[in-house]
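Q: Structure supplied as upload16.cif; contents: mmCIF, C-alpha atoms.
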data_protein
#
loop_
_atom_site.label_atom_id
_atom_site.label_comp_id
_atom_site.auth_asym_id
_atom_site.auth_seq_id
_atom_site.Cartn_x
_atom_site.Cartn_y
_atom_site.Cartn_z
CA MET A 1 -20.61 96.60 -66.05
CA SER A 2 -23.28 94.10 -64.95
CA ARG A 3 -24.11 93.64 -61.23
CA PRO A 4 -24.17 90.15 -59.59
CA THR A 5 -27.50 88.65 -58.78
CA PRO A 6 -28.54 88.37 -55.10
CA LEU A 7 -28.41 84.50 -55.16
CA ALA A 8 -24.85 84.26 -56.42
CA ALA A 9 -23.17 84.72 -52.99
CA PRO A 10 -25.22 82.09 -51.06
CA PHE A 11 -24.82 79.58 -53.85
CA ALA A 12 -21.07 80.07 -53.93
CA LEU A 13 -20.89 79.60 -50.14
CA ALA A 14 -22.93 76.33 -50.25
CA LEU A 15 -20.77 75.03 -53.05
CA ALA A 16 -17.58 75.70 -51.08
CA VAL A 17 -18.93 73.93 -47.95
CA GLY A 18 -20.02 70.90 -50.01
CA LEU A 19 -16.62 70.57 -51.64
CA ALA A 20 -14.88 70.72 -48.24
CA TRP A 21 -17.20 67.98 -46.75
CA LEU A 22 -16.70 65.46 -49.55
CA PRO A 23 -13.08 64.41 -48.63
CA ALA A 24 -13.99 63.95 -44.94
CA ALA A 25 -16.99 61.80 -45.85
CA ALA A 26 -14.87 59.72 -48.21
CA THR A 27 -12.25 58.98 -45.53
CA ALA A 28 -14.74 58.15 -42.73
CA GLN A 29 -14.70 54.44 -41.61
CA TYR A 30 -17.53 52.22 -42.58
CA VAL A 31 -19.33 50.79 -39.51
CA PRO A 32 -21.36 47.66 -40.34
CA ASP A 33 -24.77 47.15 -38.88
CA PRO A 34 -24.88 44.92 -35.70
CA LEU A 35 -25.84 41.29 -36.17
CA PRO A 36 -29.37 40.36 -35.22
CA PRO A 37 -29.77 38.38 -31.94
CA PRO A 38 -29.92 34.55 -32.25
CA PRO A 39 -33.39 33.07 -32.50
CA PRO A 40 -34.88 31.58 -29.31
CA PRO A 41 -34.58 27.78 -28.88
CA PRO A 42 -37.47 25.73 -30.20
CA ILE A 43 -40.25 24.84 -27.81
CA ASP A 44 -40.87 21.17 -27.00
CA VAL A 45 -44.52 20.65 -27.87
CA THR A 46 -44.83 17.76 -25.35
CA THR A 47 -43.63 19.69 -22.33
CA GLY A 48 -44.07 23.31 -23.37
CA TYR A 49 -40.48 24.13 -22.38
CA SER A 50 -37.31 24.68 -24.31
CA PRO A 51 -35.00 21.63 -24.24
CA LEU A 52 -31.91 21.90 -22.09
CA PRO A 53 -28.64 22.49 -23.94
CA PRO A 54 -26.47 19.40 -24.27
CA THR A 55 -23.93 18.93 -21.46
CA LEU A 56 -20.42 17.58 -21.85
CA PRO A 57 -19.58 14.33 -20.03
CA PRO A 58 -17.58 14.79 -16.84
CA SER A 59 -13.83 14.61 -17.15
CA PRO A 60 -12.35 11.32 -15.95
CA ALA A 61 -10.70 11.46 -12.55
CA PRO A 62 -6.90 11.59 -12.72
CA LEU A 63 -5.20 8.27 -12.09
CA THR A 64 -3.59 8.08 -8.67
CA PRO A 65 -0.14 6.55 -8.92
CA ALA A 66 0.54 3.55 -6.70
CA PRO A 67 2.57 4.45 -3.62
CA GLU A 68 6.23 3.67 -3.84
CA ARG A 69 7.29 0.76 -1.67
CA ARG A 70 9.97 1.67 0.83
CA THR A 71 13.30 -0.09 0.49
CA GLY A 72 16.17 -0.48 2.93
CA PHE A 73 16.07 -1.34 6.62
CA SER A 74 13.12 -3.40 7.90
CA LEU A 75 12.04 -4.61 11.33
CA LYS A 76 9.43 -7.17 12.39
CA MET A 77 8.06 -8.03 15.84
CA GLY A 78 5.62 -10.86 16.51
CA LEU A 79 3.77 -12.53 19.37
CA GLY A 80 1.73 -15.70 19.06
CA GLY A 81 0.58 -19.03 20.40
CA THR A 82 2.69 -22.09 19.55
CA TYR A 83 2.04 -25.83 19.38
CA ARG A 84 4.96 -28.29 19.49
CA ASN A 85 5.29 -32.05 19.38
CA LEU A 86 8.27 -34.17 20.41
CA TYR A 87 8.16 -37.96 20.71
CA GLY A 88 4.38 -37.81 20.75
CA ILE A 89 4.39 -35.33 23.64
CA HIS A 90 2.31 -32.19 23.04
CA PHE A 91 3.56 -28.78 24.15
CA GLY A 92 1.70 -25.50 24.17
CA GLY A 93 3.08 -22.05 24.89
CA GLY A 94 3.89 -18.58 23.66
CA ASP A 95 6.37 -17.34 21.07
CA LEU A 96 8.05 -13.92 21.00
CA ALA A 97 10.06 -13.05 17.87
CA LEU A 98 12.20 -10.17 16.59
CA SER A 99 13.50 -9.91 13.02
CA LEU A 100 15.94 -7.39 11.56
CA GLY A 101 16.81 -7.14 7.89
CA SER A 102 16.45 -5.34 4.61
CA GLN A 103 13.75 -5.18 1.96
CA THR A 104 13.57 -4.37 -1.72
CA LYS A 105 10.47 -3.57 -3.79
CA GLY A 106 9.66 -7.26 -4.22
CA ALA A 107 11.39 -9.20 -1.43
CA ALA A 108 12.81 -9.00 2.09
CA PHE A 109 15.61 -10.77 4.00
CA TYR A 110 15.77 -11.12 7.79
CA SER A 111 17.82 -12.45 10.66
CA ASP A 112 15.57 -13.84 13.42
CA LEU A 113 15.71 -14.15 17.18
CA ALA A 114 12.83 -15.90 18.97
CA LEU A 115 11.97 -17.23 22.43
CA PHE A 116 9.46 -19.97 23.17
CA VAL A 117 8.19 -20.89 26.67
CA GLY A 118 5.62 -23.67 27.19
CA SER A 119 4.69 -26.87 28.95
CA THR A 120 2.74 -30.11 28.59
CA ALA A 121 -0.59 -30.86 30.22
CA SER A 122 1.27 -32.81 32.93
CA GLY A 123 3.53 -29.87 33.73
CA LEU A 124 6.69 -30.76 31.79
CA THR A 125 8.13 -27.33 31.03
CA THR A 126 10.20 -26.47 28.00
CA SER A 127 11.82 -23.41 26.52
CA ASP A 128 13.63 -22.70 23.29
CA ILE A 129 15.98 -19.93 22.16
CA MET A 130 16.09 -19.76 18.38
CA VAL A 131 18.18 -17.86 15.83
CA GLY A 132 17.75 -18.11 12.08
CA PHE A 133 17.47 -16.41 8.74
CA ARG A 134 14.74 -16.27 6.12
CA ALA A 135 13.64 -14.61 2.91
CA GLU A 136 10.16 -13.66 1.81
CA GLY A 137 8.48 -12.38 -1.31
CA ARG A 138 5.47 -10.13 -1.85
CA ILE A 139 2.36 -11.48 -3.56
CA GLY A 140 0.06 -8.56 -4.25
CA ALA A 141 -0.22 -5.68 -1.84
CA ARG A 142 -0.78 -7.59 1.43
CA LEU A 143 0.40 -11.20 1.24
CA ARG A 144 3.98 -12.36 1.92
CA ILE A 145 5.30 -15.91 1.77
CA GLY A 146 8.78 -17.10 2.64
CA GLY A 147 11.04 -19.62 4.29
CA GLY A 148 14.46 -20.21 5.77
CA ALA A 149 16.39 -22.20 8.37
CA SER A 150 16.54 -22.02 12.16
CA PHE A 151 18.93 -23.16 14.88
CA SER A 152 17.88 -23.37 18.50
CA LEU A 153 18.83 -24.37 22.03
CA LEU A 154 16.11 -26.58 23.51
CA ILE A 155 15.69 -26.78 27.29
CA ILE A 156 13.34 -29.35 28.87
CA ARG A 157 12.78 -29.57 32.61
CA ARG A 158 11.96 -33.07 33.87
CA ILE A 159 9.42 -33.59 36.64
CA THR A 160 10.59 -36.96 37.95
CA ASN A 161 14.10 -36.06 39.12
CA GLU A 162 14.02 -32.30 38.50
CA SER A 163 16.86 -32.58 36.01
CA THR A 164 17.22 -30.44 32.88
CA ILE A 165 17.79 -31.69 29.34
CA PHE A 166 19.67 -29.52 26.85
CA ASP A 167 19.75 -30.15 23.13
CA PHE A 168 20.36 -28.32 19.87
CA THR A 169 17.97 -28.34 16.94
CA VAL A 170 18.35 -27.39 13.31
CA GLY A 171 15.75 -27.45 10.56
CA PRO A 172 13.71 -25.66 7.90
CA ALA A 173 10.91 -23.18 8.50
CA VAL A 174 8.20 -21.61 6.35
CA HIS A 175 5.84 -18.71 7.02
CA ALA A 176 3.10 -16.57 5.53
CA THR A 177 1.76 -13.19 6.62
CA PHE A 178 -1.24 -11.10 5.59
CA ASP A 179 -1.43 -7.35 6.31
CA LEU A 180 -4.55 -6.39 8.26
CA ALA A 181 -3.74 -2.67 8.27
CA GLN A 182 -1.16 -0.64 6.38
CA TRP A 183 0.40 2.76 6.90
CA ASP A 184 2.99 4.63 4.84
CA ASP A 185 5.97 2.53 5.94
CA ALA A 186 4.46 0.04 8.39
CA ALA A 187 1.85 -2.71 8.69
CA LEU A 188 -0.02 -4.81 11.25
CA TYR A 189 -0.27 -8.40 10.08
CA VAL A 190 -1.49 -11.87 11.04
CA GLY A 191 1.03 -14.62 10.48
CA LEU A 192 1.35 -18.38 10.41
CA LYS A 193 4.71 -20.15 10.59
CA GLY A 194 5.84 -23.73 11.00
CA GLY A 195 8.84 -25.98 10.76
CA PHE A 196 10.83 -28.92 12.06
CA GLY A 197 13.89 -29.14 14.26
CA TRP A 198 16.21 -32.14 14.31
CA LEU A 199 17.62 -32.86 17.79
CA ALA A 200 21.38 -33.12 17.45
CA LEU A 201 22.09 -34.77 20.84
CA ALA A 202 19.10 -37.07 21.14
CA SER A 203 19.93 -40.36 22.92
CA ASN A 204 18.82 -43.81 21.89
CA GLU A 205 16.74 -44.12 25.07
CA ASN A 206 13.83 -42.34 23.42
CA SER A 207 11.65 -44.13 20.92
CA GLY A 208 10.61 -42.41 17.73
CA MET A 209 12.18 -39.78 15.50
CA PRO A 210 14.21 -37.09 17.33
CA LEU A 211 12.24 -34.43 15.47
CA MET A 212 10.29 -31.55 16.99
CA GLY A 213 7.51 -30.06 14.92
CA ASN A 214 6.11 -26.60 15.61
CA ALA A 215 3.38 -24.28 14.39
CA THR A 216 2.70 -20.68 15.47
CA LEU A 217 -0.25 -18.38 14.81
CA GLY A 218 0.04 -14.77 15.91
CA LEU A 219 0.06 -11.05 15.24
CA GLY A 220 3.00 -8.93 14.21
CA PHE A 221 4.15 -5.43 13.37
CA ARG A 222 6.42 -4.64 10.43
CA TYR A 223 8.29 -1.47 9.61
#
What is this structure when it is put down as structure tokens?
A:
Amino acid sequence: MSRPTPLAAPFALALAVGLAWLPAAATAQYVPDPLPPPPPPPIDVTTGYSPLPPTLPPSPAPLTPAPERRTGFSLKMGLGGTYRNLYGIHFGGGDLALSLGSQTKGAAFYSDLALFVGSTASGLTTSDIMVGFRAEGRIGARLRIGGGASFSLLIIRRITNESTIFDFTVGPAVHATFDLAQWDDAALYVGLKGGFGWLALASNENSGMPLMGNATLGLGFRY
């Protein structure tokens, strides 16, 4: 019987290890090589620096919605200087007014109460207590224009015999206001109003039309 050569055992062992390694190598995951880094940006030959990367334009600012106009109850208070004319006689004085009403998004409606106290240059004093109603509409964000009718009790104090004349007036009135300052639900405004009042009890002793004209310029507060 022949004897095995001395190299047979090591060769057999190497062959067994190689056969056992082949399945593991076949099932190992393939890992790709990493990508090379991007090339550096080109150099501007005029400046010697790399150009800045392009920037996106800024996002437009969000649109702010217009504030909602308050509706419902509304109040106005005004104080101003008044000029009046009756039978060619000029009166000057002050006017204090209070208005209560309601407003919508585009209009407002008020009941008015006003007091006028004044006199002529010669000292003929007069006063007037007025009630009325009016409507007004908004034009833009600050301007309001309107009109209505007024009824008043006119009191004139004579100088000659210290007697007092009473009469009632009725007539149309118009007005316009412009907001100088605005808050959430209120405004400070400058206003101009004017109108005519027909004297209901005027006697035939007086010459001319029994019509009193008036104009008032003043400041007011609206809520």
Q: Just to confirm, what's the straight-line distance from CA of Gly132 (chain A) to CA of His90 (chain A) in Å (one decimal)?
A: 23.6 Å
Q: Counting all atoms listed in the file, what is within 7 Å of Leu79 (chain A), bar same-chain residues fewer than 5 positions away, as a VMD selection string?
A: chain A and resid 95 to 97 218 to 220
Q: Rounded to one decimal in Å, what is the spacing between CA of Thr169 (chain A) and CA of Gly93 (chain A)?
A: 18.0 Å
Q: Give me the residues within 12 Å of Gln182 (chain A) as number ranges by chain, counting only C-alpha atoms and dropping any in the same chain fewer than 4 places off.
A: A: 67, 69, 141-143, 178, 186-189, 221-223
Q: Counting all atoms listed in the file, what is within 9 Å of Phe133 (chain A), bar same-chain residues fewer than 6 positions away, as an MDAnalysis selection string?
A: chainID A and resid 99 109:113 147:150
Q: Quick one, how far is CA of Ser127 (chain A) from CA of Ser74 (chain A)?
A: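 Computing it gives 27.4 Å between the two atoms.
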Q: Within 7 Å of Glu136 (chain A), counting all atoms listed in the file, which residues show up once you throw out same-chain ones fewer than 4 positions away? Write them as a count of residues only, please.
A: 7
Q: Taking (6.3, -33.5, 26.1) in the file's own coordinates, collect the residues within 12 Å, counting all atoms listed in the file, and hand them back as a ChimeraX atom specification.
A: /A:83-93,118-127,155-159,206,212-213
Q: Choose the residue, out of A:Pro39, A:Thr177, A:Leu115, A:Ser59, that has the smallest atom-to-atom separation from Thr82 (chain A); count only C-alpha atoms.
A: A:Leu115
Q: Closest to Thr216 (chain A) among A:Trp198, A:Phe168, A:Trp183, A:Phe116, using only C-alpha atoms?
A: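 Using only C-alpha atoms, Thr216 (chain A) sits closest to A:Phe116.
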Q: Going by the chain IDs and residue numbers used in this file, which residues fall under the PyMOL selection byres ((chain A and resi 129) around 6)? Write them as a list in words.
A: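 Applying the expression gives Leu115, Asp128, Met130, Ser152 and Leu153 of chain A.
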Q: Once the PyMOL selection byres ((chain A and resi 210) around 6) has been applied to the shown file, what residues remain in the selection, as a CSV table (one decimal) with C-alpha atoms, keeping the file's coordinate frame?
A:
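Okay, selection01.csv is ready:
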chain,number,residue,atom,x,y,z
A,199,LEU,CA,17.6,-32.9,17.8
A,209,MET,CA,12.2,-39.8,15.5
A,211,LEU,CA,12.2,-34.4,15.5
Q: Is it possible to get the residues within 9 Å of (8.9, -5.3, -2.2) (coordinates as in the file, counting all atoms listed in the file) written as a PDB file with C-alpha atoms, in the frame of the given file?
A:
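Okay, this is what ended up in selection_29.pdb:
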ATOM      1  CA  ARG A  69       7.290   0.760  -1.670  1.00  0.00           C
ATOM      2  CA  ARG A  70       9.970   1.670   0.830  1.00  0.00           C
ATOM      3  CA  THR A  71      13.300  -0.090   0.490  1.00  0.00           C
ATOM      4  CA  GLN A 103      13.750  -5.180   1.960  1.00  0.00           C
ATOM      5  CA  THR A 104      13.570  -4.370  -1.720  1.00  0.00           C
ATOM      6  CA  LYS A 105      10.470  -3.570  -3.790  1.00  0.00           C
ATOM      7  CA  GLY A 106       9.660  -7.260  -4.220  1.00  0.00           C
ATOM      8  CA  ALA A 107      11.390  -9.200  -1.430  1.00  0.00           C
ATOM      9  CA  ALA A 108      12.810  -9.000   2.090  1.00  0.00           C
ATOM     10  CA  GLY A 137       8.480 -12.380  -1.310  1.00  0.00           C
ATOM     11  CA  ARG A 138       5.470 -10.130  -1.850  1.00  0.00           C
TER      12      ARG A 138
END
Q: Supply region 93-119 of chain A as a PDB file, in the coordinates of the input, with N, CA and C atoms built in where the input has gaps.
A:
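Listing of result.pdb after writing:
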ATOM      1  N   GLY A  93       2.435 -23.193  24.248  1.00  0.00           N
ATOM      2  CA  GLY A  93       3.080 -22.050  24.890  1.00  0.00           C
ATOM      3  C   GLY A  93       3.003 -20.813  24.024  1.00  0.00           C
ATOM      4  N   GLY A  94       3.862 -19.867  24.359  1.00  0.00           N
ATOM      5  CA  GLY A  94       3.890 -18.580  23.660  1.00  0.00           C
ATOM      6  C   GLY A  94       5.215 -18.375  22.964  1.00  0.00           C
ATOM      7  N   ASP A  95       5.187 -17.600  21.899  1.00  0.00           N
ATOM      8  CA  ASP A  95       6.370 -17.340  21.070  1.00  0.00           C
ATOM      9  C   ASP A  95       6.524 -15.840  20.894  1.00  0.00           C
ATOM     10  N   LEU A  96       7.716 -15.333  21.169  1.00  0.00           N
ATOM     11  CA  LEU A  96       8.050 -13.920  21.000  1.00  0.00           C
ATOM     12  C   LEU A  96       9.209 -13.824  20.025  1.00  0.00           C
ATOM     13  N   ALA A  97       9.053 -13.068  18.938  1.00  0.00           N
ATOM     14  CA  ALA A  97      10.060 -13.050  17.870  1.00  0.00           C
ATOM     15  C   ALA A  97      10.413 -11.620  17.472  1.00  0.00           C
ATOM     16  N   LEU A  98      11.676 -11.439  17.097  1.00  0.00           N
ATOM     17  CA  LEU A  98      12.200 -10.170  16.590  1.00  0.00           C
ATOM     18  C   LEU A  98      13.028 -10.463  15.351  1.00  0.00           C
ATOM     19  N   SER A  99      12.786  -9.710  14.284  1.00  0.00           N
ATOM     20  CA  SER A  99      13.500  -9.910  13.020  1.00  0.00           C
ATOM     21  C   SER A  99      14.039  -8.571  12.537  1.00  0.00           C
ATOM     22  N   LEU A 100      15.293  -8.572  12.106  1.00  0.00           N
ATOM     23  CA  LEU A 100      15.940  -7.390  11.560  1.00  0.00           C
ATOM     24  C   LEU A 100      16.482  -7.744  10.181  1.00  0.00           C
ATOM     25  N   GLY A 101      16.326  -6.831   9.225  1.00  0.00           N
ATOM     26  CA  GLY A 101      16.810  -7.140   7.890  1.00  0.00           C
ATOM     27  C   GLY A 101      16.663  -5.981   6.937  1.00  0.00           C
ATOM     28  N   SER A 102      16.545  -6.324   5.678  1.00  0.00           N
ATOM     29  CA  SER A 102      16.450  -5.340   4.610  1.00  0.00           C
ATOM     30  C   SER A 102      15.423  -5.801   3.600  1.00  0.00           C
ATOM     31  N   GLN A 103      14.760  -4.848   2.953  1.00  0.00           N
ATOM     32  CA  GLN A 103      13.750  -5.180   1.960  1.00  0.00           C
ATOM     33  C   GLN A 103      13.962  -4.383   0.687  1.00  0.00           C
ATOM     34  N   THR A 104      13.594  -5.025  -0.421  1.00  0.00           N
ATOM     35  CA  THR A 104      13.570  -4.370  -1.720  1.00  0.00           C
ATOM     36  C   THR A 104      12.111  -4.163  -2.114  1.00  0.00           C
ATOM     37  N   LYS A 105      11.852  -3.791  -3.366  1.00  0.00           N
ATOM     38  CA  LYS A 105      10.470  -3.570  -3.790  1.00  0.00           C
ATOM     39  C   LYS A 105       9.679  -4.868  -3.916  1.00  0.00           C
ATOM     40  N   GLY A 106      10.381  -6.007  -4.028  1.00  0.00           N
ATOM     41  CA  GLY A 106       9.660  -7.260  -4.220  1.00  0.00           C
ATOM     42  C   GLY A 106       9.977  -8.347  -3.230  1.00  0.00           C
ATOM     43  N   ALA A 107      10.979  -8.141  -2.349  1.00  0.00           N
ATOM     44  CA  ALA A 107      11.390  -9.200  -1.430  1.00  0.00           C
ATOM     45  C   ALA A 107      11.989  -8.580  -0.182  1.00  0.00           C
ATOM     46  N   ALA A 108      12.201  -9.438   0.832  1.00  0.00           N
ATOM     47  CA  ALA A 108      12.810  -9.000   2.090  1.00  0.00           C
ATOM     48  C   ALA A 108      13.645 -10.150   2.646  1.00  0.00           C
ATOM     49  N   PHE A 109      14.687  -9.804   3.421  1.00  0.00           N
ATOM     50  CA  PHE A 109      15.610 -10.770   4.000  1.00  0.00           C
ATOM     51  C   PHE A 109      15.839 -10.393   5.466  1.00  0.00           C
ATOM     52  N   TYR A 110      15.732 -11.392   6.355  1.00  0.00           N
ATOM     53  CA  TYR A 110      15.770 -11.120   7.790  1.00  0.00           C
ATOM     54  C   TYR A 110      16.675 -12.094   8.517  1.00  0.00           C
ATOM     55  N   SER A 111      17.213 -11.613   9.634  1.00  0.00           N
ATOM     56  CA  SER A 111      17.820 -12.450  10.660  1.00  0.00           C
ATOM     57  C   SER A 111      16.863 -12.475  11.841  1.00  0.00           C
ATOM     58  N   ASP A 112      16.616 -13.659  12.410  1.00  0.00           N
ATOM     59  CA  ASP A 112      15.570 -13.840  13.420  1.00  0.00           C
ATOM     60  C   ASP A 112      16.153 -14.199  14.779  1.00  0.00           C
ATOM     61  N   LEU A 113      15.461 -13.753  15.806  1.00  0.00           N
ATOM     62  CA  LEU A 113      15.710 -14.150  17.180  1.00  0.00           C
ATOM     63  C   LEU A 113      14.352 -14.373  17.837  1.00  0.00           C
ATOM     64  N   ALA A 114      14.137 -15.565  18.408  1.00  0.00           N
ATOM     65  CA  ALA A 114      12.830 -15.900  18.970  1.00  0.00           C
ATOM     66  C   ALA A 114      12.996 -16.656  20.279  1.00  0.00           C
ATOM     67  N   LEU A 115      11.995 -16.538  21.140  1.00  0.00           N
ATOM     68  CA  LEU A 115      11.970 -17.230  22.430  1.00  0.00           C
ATOM     69  C   LEU A 115      10.632 -17.912  22.582  1.00  0.00           C
ATOM     70  N   PHE A 116      10.661 -19.199  22.916  1.00  0.00           N
ATOM     71  CA  PHE A 116       9.460 -19.970  23.170  1.00  0.00           C
ATOM     72  C   PHE A 116       9.487 -20.466  24.606  1.00  0.00           C
ATOM     73  N   VAL A 117       8.349 -20.363  25.304  1.00  0.00           N
ATOM     74  CA  VAL A 117       8.190 -20.890  26.670  1.00  0.00           C
ATOM     75  C   VAL A 117       6.854 -21.607  26.706  1.00  0.00           C
ATOM     76  N   GLY A 118       6.857 -22.901  27.146  1.00  0.00           N
ATOM     77  CA  GLY A 118       5.620 -23.670  27.190  1.00  0.00           C
ATOM     78  C   GLY A 118       5.732 -24.852  28.131  1.00  0.00           C
ATOM     79  N   SER A 119       4.722 -25.692  28.083  1.00  0.00           N
ATOM     80  CA  SER A 119       4.690 -26.870  28.950  1.00  0.00           C
ATOM     81  C   SER A 119       3.688 -27.865  28.396  1.00  0.00           C
TER      82      SER A 119
END
